[in-house]
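Enquirer: What follows is input_35.csv, made up of CSV, C-alpha atoms:
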```
chain,number,residue,atom,x,y,z
A,48,MET,CA,115.5,106.8,104.2
A,49,ALA,CA,117.6,106.2,107.3
A,50,VAL,CA,114.7,104.1,108.8
A,51,LEU,CA,114.7,101.8,105.8
A,52,VAL,CA,118.5,101.4,105.9
A,53,ALA,CA,118.3,100.4,109.5
A,54,LEU,CA,115.5,97.9,108.7
A,55,PHE,CA,117.5,96.3,105.9
A,56,ALA,CA,120.3,95.8,108.4
A,57,VAL,CA,118.2,93.6,110.6
A,58,GLN,CA,119.6,90.1,110.7
A,59,ALA,CA,116.2,88.3,110.8
A,60,ARG,CA,115.2,86.5,107.7
A,61,ALA,CA,112.9,88.6,105.5
A,62,GLN,CA,110.1,87.5,103.2
A,63,MET,CA,109.8,89.5,100.0
A,64,THR,CA,106.8,89.8,97.8
A,65,GLY,CA,106.0,92.0,94.9
A,66,SER,CA,103.5,92.9,92.2
A,67,ALA,CA,103.2,94.7,88.8
A,68,THR,CA,99.9,96.4,88.0
A,69,LEU,CA,98.3,98.1,85.0
A,70,LEU,CA,95.4,100.5,85.7
A,71,SER,CA,93.0,102.3,83.5
A,72,ASP,CA,93.3,105.3,85.9
A,73,TYR,CA,95.5,105.9,88.9
A,74,ARG,CA,93.3,107.2,91.7
A,75,PHE,CA,94.9,108.4,95.0
A,76,ARG,CA,92.3,109.1,97.7
A,77,GLY,CA,89.8,109.8,95.0
A,78,ALA,CA,92.0,112.1,93.0
A,79,SER,CA,93.4,111.1,89.6
A,80,LEU,CA,97.2,111.3,89.6
A,81,SER,CA,97.3,110.2,85.9
A,82,ASP,CA,94.9,112.8,84.4
A,83,ASP,CA,92.2,110.1,83.9
A,84,ARG,CA,94.6,108.1,81.9
A,85,PRO,CA,96.2,104.6,82.3
A,86,ALA,CA,99.1,104.0,84.6
A,87,ALA,CA,101.6,101.3,85.5
A,88,GLN,CA,102.9,100.4,88.9
A,89,LEU,CA,105.6,98.2,90.5
A,90,ALA,CA,105.5,97.4,94.2
A,91,PHE,CA,107.5,95.3,96.7
A,92,ASP,CA,107.2,94.4,100.4
A,93,TYR,CA,109.6,93.1,103.0
A,94,ASP,CA,108.2,91.4,106.1
A,95,TRP,CA,110.3,90.3,109.1
A,96,ALA,CA,107.6,88.2,110.7
A,97,ALA,CA,109.5,87.3,113.8
A,98,SER,CA,110.1,90.9,114.8
A,99,GLY,CA,106.9,92.6,113.5
A,100,LEU,CA,108.9,95.0,111.3
A,101,TYR,CA,108.1,95.5,107.6
A,102,ALA,CA,109.1,97.9,104.8
A,103,GLY,CA,108.5,98.4,101.2
A,104,GLY,CA,107.8,100.7,98.3
A,105,MET,CA,106.0,101.5,95.1
A,106,MET,CA,106.8,103.2,91.8
A,107,SER,CA,103.9,104.5,89.6
A,108,SER,CA,103.7,106.4,86.4
A,109,ALA,CA,101.8,109.7,86.9
A,110,ARG,CA,100.9,113.0,85.2
A,111,LEU,CA,101.3,116.1,87.3
A,112,ASP,CA,100.4,119.5,86.0
A,113,SER,CA,99.8,117.8,82.6
A,114,ARG,CA,103.4,116.5,82.5
A,115,HIS,CA,104.7,112.9,82.9
A,116,ALA,CA,106.2,111.9,86.2
A,117,VAL,CA,107.2,108.9,88.2
A,118,GLN,CA,106.0,108.6,91.8
A,119,ALA,CA,108.2,106.9,94.3
A,120,LEU,CA,106.8,105.9,97.7
A,121,ILE,CA,108.7,104.1,100.5
A,122,TYR,CA,107.4,103.1,103.9
A,123,ALA,CA,108.4,101.3,107.1
A,124,GLY,CA,106.4,100.1,110.0
A,125,TYR,CA,105.8,97.8,112.9
A,126,ALA,CA,102.8,95.4,113.2
A,127,HIS,CA,101.7,93.4,116.3
A,128,ARG,CA,99.2,90.6,116.3
A,129,VAL,CA,97.1,90.7,119.5
A,130,ARG,CA,95.1,87.6,118.6
A,131,PRO,CA,94.7,85.5,115.4
A,132,ASP,CA,92.0,87.8,113.9
A,133,PHE,CA,93.2,91.2,115.3
A,134,SER,CA,96.4,93.2,114.9
A,135,TRP,CA,97.6,96.8,115.1
A,136,GLU,CA,100.4,98.7,113.3
A,137,THR,CA,102.2,102.0,113.1
A,138,GLY,CA,104.6,103.4,110.5
A,139,LEU,CA,106.0,106.2,108.3
A,140,ARG,CA,105.6,106.9,104.5
A,141,TYR,CA,107.5,109.2,102.2
A,142,THR,CA,106.4,110.2,98.7
A,143,ARG,CA,108.4,112.0,96.0
A,144,PHE,CA,107.7,112.7,92.3
A,145,SER,CA,110.3,112.9,89.5
A,146,GLY,CA,110.6,116.4,88.1
A,147,HIS,CA,108.1,117.7,90.6
A,148,GLU,CA,110.1,117.7,93.9
A,149,ALA,CA,108.0,120.5,95.3
A,150,TYR,CA,105.2,117.9,95.9
A,151,ALA,CA,107.3,115.6,98.1
A,152,TYR,CA,105.9,114.9,101.6
A,153,ALA,CA,106.0,112.5,104.5
A,154,GLU,CA,103.2,111.2,106.7
A,155,ALA,CA,102.9,109.0,109.8
A,156,TYR,CA,100.1,106.4,110.2
A,157,ALA,CA,98.5,104.0,112.7
A,158,GLY,CA,96.0,101.3,112.0
A,159,PHE,CA,94.3,98.0,112.8
A,160,ALA,CA,93.2,94.9,111.0
A,161,PHE,CA,90.2,92.8,112.2
A,162,ARG,CA,89.6,89.8,109.9
A,163,GLN,CA,89.1,91.4,106.4
A,164,LEU,CA,88.4,94.9,107.8
A,165,VAL,CA,91.5,97.3,107.7
A,166,GLY,CA,91.5,100.8,109.1
A,167,ARG,CA,94.2,103.5,109.1
A,168,LEU,CA,94.7,107.1,110.2
A,169,TYR,CA,97.4,109.2,108.5
A,170,TYR,CA,98.9,112.5,109.5
A,171,ALA,CA,101.0,114.7,107.2
A,172,PRO,CA,102.5,117.9,108.6
A,173,SER,CA,102.8,119.4,105.1
A,174,TYR,CA,100.4,117.5,102.7
A,175,PHE,CA,101.9,117.4,99.2
A,176,HIS,CA,104.4,120.0,100.6
A,177,ALA,CA,101.7,122.6,100.5
A,178,GLY,CA,102.6,124.0,103.9
A,179,TYR,CA,99.6,122.9,105.9
A,180,PRO,CA,98.8,119.7,107.9
A,181,ALA,CA,96.2,117.1,106.8
A,182,TRP,CA,94.5,114.1,108.4
A,183,TYR,CA,93.2,111.1,106.4
A,184,ALA,CA,91.2,108.2,107.8
A,185,GLU,CA,90.2,105.1,105.7
A,186,LEU,CA,88.4,101.8,106.1
A,187,ASN,CA,88.8,98.9,103.7
A,188,ASP,CA,86.9,95.6,103.6
A,189,SER,CA,86.6,92.6,101.3
A,190,HIS,CA,84.4,89.5,101.2
A,191,ALA,CA,84.7,86.3,99.3
A,192,LEU,CA,81.9,85.5,96.8
A,193,SER,CA,81.4,82.5,94.7
A,194,GLY,CA,84.5,80.6,93.5
A,195,LYS,CA,87.4,83.0,92.8
A,196,TRP,CA,85.3,86.1,92.9
A,197,TYR,CA,85.3,88.6,95.8
A,198,ALA,CA,83.8,92.0,96.6
A,199,PHE,CA,85.7,95.0,98.1
A,200,ALA,CA,84.9,98.5,99.4
A,201,HIS,CA,86.8,101.6,100.6
A,202,ALA,CA,85.8,104.7,102.4
A,203,GLY,CA,88.1,107.6,103.1
A,204,TYR,CA,87.9,111.0,104.8
A,205,LEU,CA,90.4,113.8,104.4
A,206,ARG,CA,90.7,117.0,106.4
A,207,ARG,CA,93.2,119.8,105.9
A,208,GLY,CA,94.4,122.6,108.2
A,209,GLY,CA,95.6,126.1,107.3
A,210,ASP,CA,93.8,128.8,105.5
A,211,VAL,CA,91.6,128.1,102.5
A,212,MET,CA,92.1,130.6,99.8
A,213,GLU,CA,88.6,130.3,98.4
A,214,TYR,CA,85.9,131.9,100.5
A,215,HIS,CA,83.6,129.4,102.2
A,216,ALA,CA,85.6,126.5,100.5
A,217,SER,CA,85.3,123.2,102.4
A,218,ARG,CA,88.3,121.7,104.3
A,219,PHE,CA,86.8,118.3,104.0
A,220,ARG,CA,86.6,115.6,101.4
A,221,SER,CA,85.4,112.0,101.3
A,222,ASP,CA,86.1,109.3,98.8
A,223,PHE,CA,84.5,106.0,98.1
A,224,ARG,CA,85.3,102.9,96.1
A,225,VAL,CA,83.4,99.7,95.5
A,226,GLY,CA,84.1,96.8,93.2
A,227,ILE,CA,84.5,93.2,92.4
A,228,GLY,CA,87.7,91.2,91.9
A,229,LEU,CA,88.7,87.9,90.3
A,230,ASP,CA,91.7,86.0,91.9
A,231,LEU,CA,93.5,84.0,89.3
A,232,ALA,CA,96.7,83.6,91.2
A,233,PRO,CA,99.3,84.9,90.4
A,234,TYR,CA,97.0,87.2,88.5
A,235,ASN,CA,94.3,89.4,89.9
A,236,VAL,CA,91.7,91.5,88.1
A,237,GLN,CA,89.6,94.2,89.6
A,238,LEU,CA,86.8,96.5,88.4
A,239,SER,CA,85.7,99.3,90.7
A,240,TRP,CA,83.7,102.5,90.8
A,241,THR,CA,85.3,105.5,92.6
A,242,THR,CA,83.8,108.8,93.5
A,243,THR,CA,84.5,111.8,95.8
A,244,ARG,CA,82.5,114.3,97.7
A,245,GLY,CA,83.4,117.7,99.2
A,246,ALA,CA,86.4,120.0,98.5
A,247,SER,CA,88.1,120.1,95.1
A,248,ASP,CA,91.6,118.7,94.2
A,249,ALA,CA,93.0,122.3,94.3
A,250,VAL,CA,92.0,122.7,98.0
A,251,PHE,CA,94.3,119.8,99.0
A,252,GLY,CA,97.2,120.7,96.7
A,253,TYR,CA,96.7,117.8,94.4
A,254,PRO,CA,98.6,118.5,91.1
A,255,SER,CA,95.8,117.2,89.0
A,256,ALA,CA,95.1,118.7,85.6
A,257,ALA,CA,92.0,120.9,85.2
A,258,GLY,CA,89.0,118.9,84.1
A,259,THR,CA,89.8,115.5,85.8
A,260,THR,CA,86.7,113.8,86.8
A,261,ARG,CA,85.4,113.0,90.3
A,262,ASN,CA,83.8,109.8,89.3
A,263,ALA,CA,85.4,106.9,87.4
A,264,TRP,CA,85.4,103.3,86.5
A,265,VAL,CA,88.8,101.8,87.2
A,266,LEU,CA,90.0,98.5,85.7
A,267,SER,CA,93.3,97.0,87.0
A,268,ILE,CA,95.3,93.8,86.2
A,269,SER,CA,98.0,92.7,88.6
A,270,TYR,CA,100.7,90.0,88.6
A,271,ALA,CA,102.1,89.0,92.0
A,272,TRP,CA,105.2,87.0,93.0
```
Give the structure from the file, written as structure tokens.
Expert:
Amino acid sequence: MAVLVALFAVQARAQMTGSATLLSDYRFRGASLSDDRPAAQLAFDYDWAASGLYAGGMMSSARLDSRHAVQALIYAGYAHRVRPDFSWETGLRYTRFSGHEAYAYAEAYAGFAFRQLVGRLYYAPSYFHAGYPAWYAELNDSHALSGKWYAFAHAGYLRRGGDVMEYHASRFRSDFRVGIGLDLAPYNVQLSWTTTRGASDAVFGYPSAAGTTRNAWVLSISYAW
């Protein structure tokens, strides 16, 4: 929080953007944080272009341990453009859930952007406050199709440390998402297929209800300003 306070004190002029989104299922790194049910999200971003600093946050409805909750996520970082089509960044994120403070955790990240390809590597010393570290790497890409249509894809890989309670249980998990989108600015509609492979939600401390699916179609509608 102190990092965000310091950023907001910067005298450079900031550009603010935001969005509101409705989703048929809230998937986080392949795991459903809404028990395979619809969710609503509100996000905002501040960008101090001249300095390279940025900050923002998101609030999302969720269901943890079969109970309603609100997720609050804040982040702050620094991005540097090396050339017109390539940049790198580094930053910090903090996540907390209402009524479920035991799942609060922080993570650091570093990443790059090359044209439409964006990659990030995250490190959390206590993932979902479970007492063990975790690494997560992701790649995201998008390509324009005909007219206002576009295609997008995501691949992620999660590895946890510490002891695994289940004998021979995997420490690794991958998640994938592919879909198409329709840009009707300021509205945006996306339909995607998401799936996971490897360790179960329980191995990584995800507070998902028993019986949530590994595979799902997700429809989202966003309004940006």
Enquirer: State, in Å with one decimal place, the distance from atom CA of Tyr197 of chain A to atom CA of Gly228 of chain A.
Expert: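 Atom CA of Gly228 of chain A lies at a distance of 5.3 Å from atom CA of Tyr197 of chain A.
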Enquirer: When you look at Arg130 of chain A with a cut-off of 12 Å (counting all atoms listed in the file), what residues show up, excluding the ones that are within fewer than 5 positions of it in the same chain? I need them as a PDB file with C-alpha atoms, in the coordinates of the input.
Expert:
```pdb
ATOM      1  CA  TRP A 135      97.600  96.800 115.100  1.00  0.00           C
ATOM      2  CA  PHE A 159      94.300  98.000 112.800  1.00  0.00           C
ATOM      3  CA  ALA A 160      93.200  94.900 111.000  1.00  0.00           C
ATOM      4  CA  PHE A 161      90.200  92.800 112.200  1.00  0.00           C
ATOM      5  CA  ARG A 162      89.600  89.800 109.900  1.00  0.00           C
TER       6      ARG A 162
END
```
Enquirer: For Ala246 of chain A, work out the shell of residues within 7 Å, counting all atoms listed in the file and skipping chain neighbours fewer than 5 positions away, then give it as a list of chain:residue names.
Expert: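 After dropping sequence-adjacent residues, the list is A:Ala216, A:Ser217, A:Arg218, A:Phe219, A:Arg220.
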Enquirer: Counting only C-alpha atoms, which of A:Ala249, A:Val165, A:Leu139, A:Ala198 gets nearest to Gly226 of chain A?
Expert: A:Ala198
Enquirer: With distances taken over only C-alpha atoms, which of A:Phe91, A:Trp196, A:Tyr150, A:Trp264 is nearest to Arg74 of chain A?
Expert: A:Trp264
Enquirer: Between A:Ala61, A:Leu120, A:Asp132, A:Asp72, which one has atoms that come closest to Tyr101 of chain A, using all atoms listed in the file?
Expert: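 Among A:Ala61, A:Leu120, A:Asp132, A:Asp72, it is A:Ala61 that comes nearest to Tyr101 of chain A.
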Enquirer: Please reconstruct the missing atoms of segment 141-158 of chain A (target: N, CA, C and O atoms) and return them as a JSON list (two decimals), in the coordinates of the input.
Expert:
```json
[["chain", "number", "residue", "atom", "x", "y", "z"],
["A", 141, "TYR", "N", 106.95, 108.03, 102.86],
["A", 141, "TYR", "CA", 107.50, 109.20, 102.20],
["A", 141, "TYR", "C", 107.27, 109.08, 100.70],
["A", 141, "TYR", "O", 107.52, 108.03, 100.11],
["A", 142, "THR", "N", 106.75, 110.16, 100.10],
["A", 142, "THR", "CA", 106.40, 110.20, 98.70],
["A", 142, "THR", "C", 107.14, 111.29, 97.97],
["A", 142, "THR", "O", 107.23, 112.41, 98.48],
["A", 143, "ARG", "N", 107.65, 110.97, 96.77],
["A", 143, "ARG", "CA", 108.40, 112.00, 96.00],
["A", 143, "ARG", "C", 108.01, 111.73, 94.49],
["A", 143, "ARG", "O", 107.73, 110.60, 94.09],
["A", 144, "PHE", "N", 108.03, 112.79, 93.69],
["A", 144, "PHE", "CA", 107.70, 112.70, 92.30],
["A", 144, "PHE", "C", 108.86, 113.24, 91.44],
["A", 144, "PHE", "O", 109.39, 114.32, 91.71],
["A", 145, "SER", "N", 109.25, 112.49, 90.42],
["A", 145, "SER", "CA", 110.30, 112.90, 89.50],
["A", 145, "SER", "C", 109.95, 114.20, 88.79],
["A", 145, "SER", "O", 108.84, 114.31, 88.27],
["A", 146, "GLY", "N", 110.87, 115.15, 88.76],
["A", 146, "GLY", "CA", 110.60, 116.40, 88.10],
["A", 146, "GLY", "C", 109.63, 117.32, 88.75],
["A", 146, "GLY", "O", 109.35, 118.42, 88.27],
["A", 147, "HIS", "N", 109.09, 116.88, 89.89],
["A", 147, "HIS", "CA", 108.10, 117.70, 90.60],
["A", 147, "HIS", "C", 108.43, 117.57, 92.13],
["A", 147, "HIS", "O", 107.57, 117.25, 92.95],
["A", 148, "GLU", "N", 109.68, 117.84, 92.49],
["A", 148, "GLU", "CA", 110.10, 117.70, 93.90],
["A", 148, "GLU", "C", 109.35, 118.52, 94.86],
["A", 148, "GLU", "O", 109.31, 118.22, 96.05],
["A", 149, "ALA", "N", 108.73, 119.59, 94.38],
["A", 149, "ALA", "CA", 108.00, 120.50, 95.30],
["A", 149, "ALA", "C", 106.78, 119.76, 95.90],
["A", 149, "ALA", "O", 106.24, 120.25, 96.90],
["A", 150, "TYR", "N", 106.35, 118.62, 95.35],
["A", 150, "TYR", "CA", 105.20, 117.90, 95.90],
["A", 150, "TYR", "C", 105.61, 116.81, 96.89],
["A", 150, "TYR", "O", 104.74, 116.08, 97.39],
["A", 151, "ALA", "N", 106.88, 116.65, 97.18],
["A", 151, "ALA", "CA", 107.30, 115.60, 98.10],
["A", 151, "ALA", "C", 106.79, 115.85, 99.51],
["A", 151, "ALA", "O", 106.74, 116.99, 99.97],
["A", 152, "TYR", "N", 106.39, 114.79, 100.18],
["A", 152, "TYR", "CA", 105.90, 114.90, 101.60],
["A", 152, "TYR", "C", 106.00, 113.62, 102.31],
["A", 152, "TYR", "O", 106.15, 112.54, 101.72],
["A", 153, "ALA", "N", 105.94, 113.70, 103.63],
["A", 153, "ALA", "CA", 106.00, 112.50, 104.50],
["A", 153, "ALA", "C", 104.75, 112.51, 105.37],
["A", 153, "ALA", "O", 104.13, 113.55, 105.63],
["A", 154, "GLU", "N", 104.38, 111.31, 105.83],
["A", 154, "GLU", "CA", 103.20, 111.20, 106.70],
["A", 154, "GLU", "C", 103.44, 109.98, 107.64],
["A", 154, "GLU", "O", 104.11, 109.01, 107.28],
["A", 155, "ALA", "N", 102.87, 110.07, 108.83],
["A", 155, "ALA", "CA", 102.90, 109.00, 109.80],
["A", 155, "ALA", "C", 101.49, 108.34, 109.80],
["A", 155, "ALA", "O", 100.49, 108.99, 109.45],
["A", 156, "TYR", "N", 101.41, 107.07, 110.18],
["A", 156, "TYR", "CA", 100.10, 106.40, 110.20],
["A", 156, "TYR", "C", 100.05, 105.39, 111.35],
["A", 156, "TYR", "O", 101.07, 104.91, 111.86],
["A", 157, "ALA", "N", 98.83, 105.07, 111.74],
["A", 157, "ALA", "CA", 98.50, 104.00, 112.70],
["A", 157, "ALA", "C", 97.27, 103.31, 112.23],
["A", 157, "ALA", "O", 96.39, 103.96, 111.63],
["A", 158, "GLY", "N", 97.18, 102.01, 112.46],
["A", 158, "GLY", "CA", 96.00, 101.30, 112.00],
["A", 158, "GLY", "C", 95.75, 99.99, 112.66],
["A", 158, "GLY", "O", 96.47, 99.61, 113.60]]
```
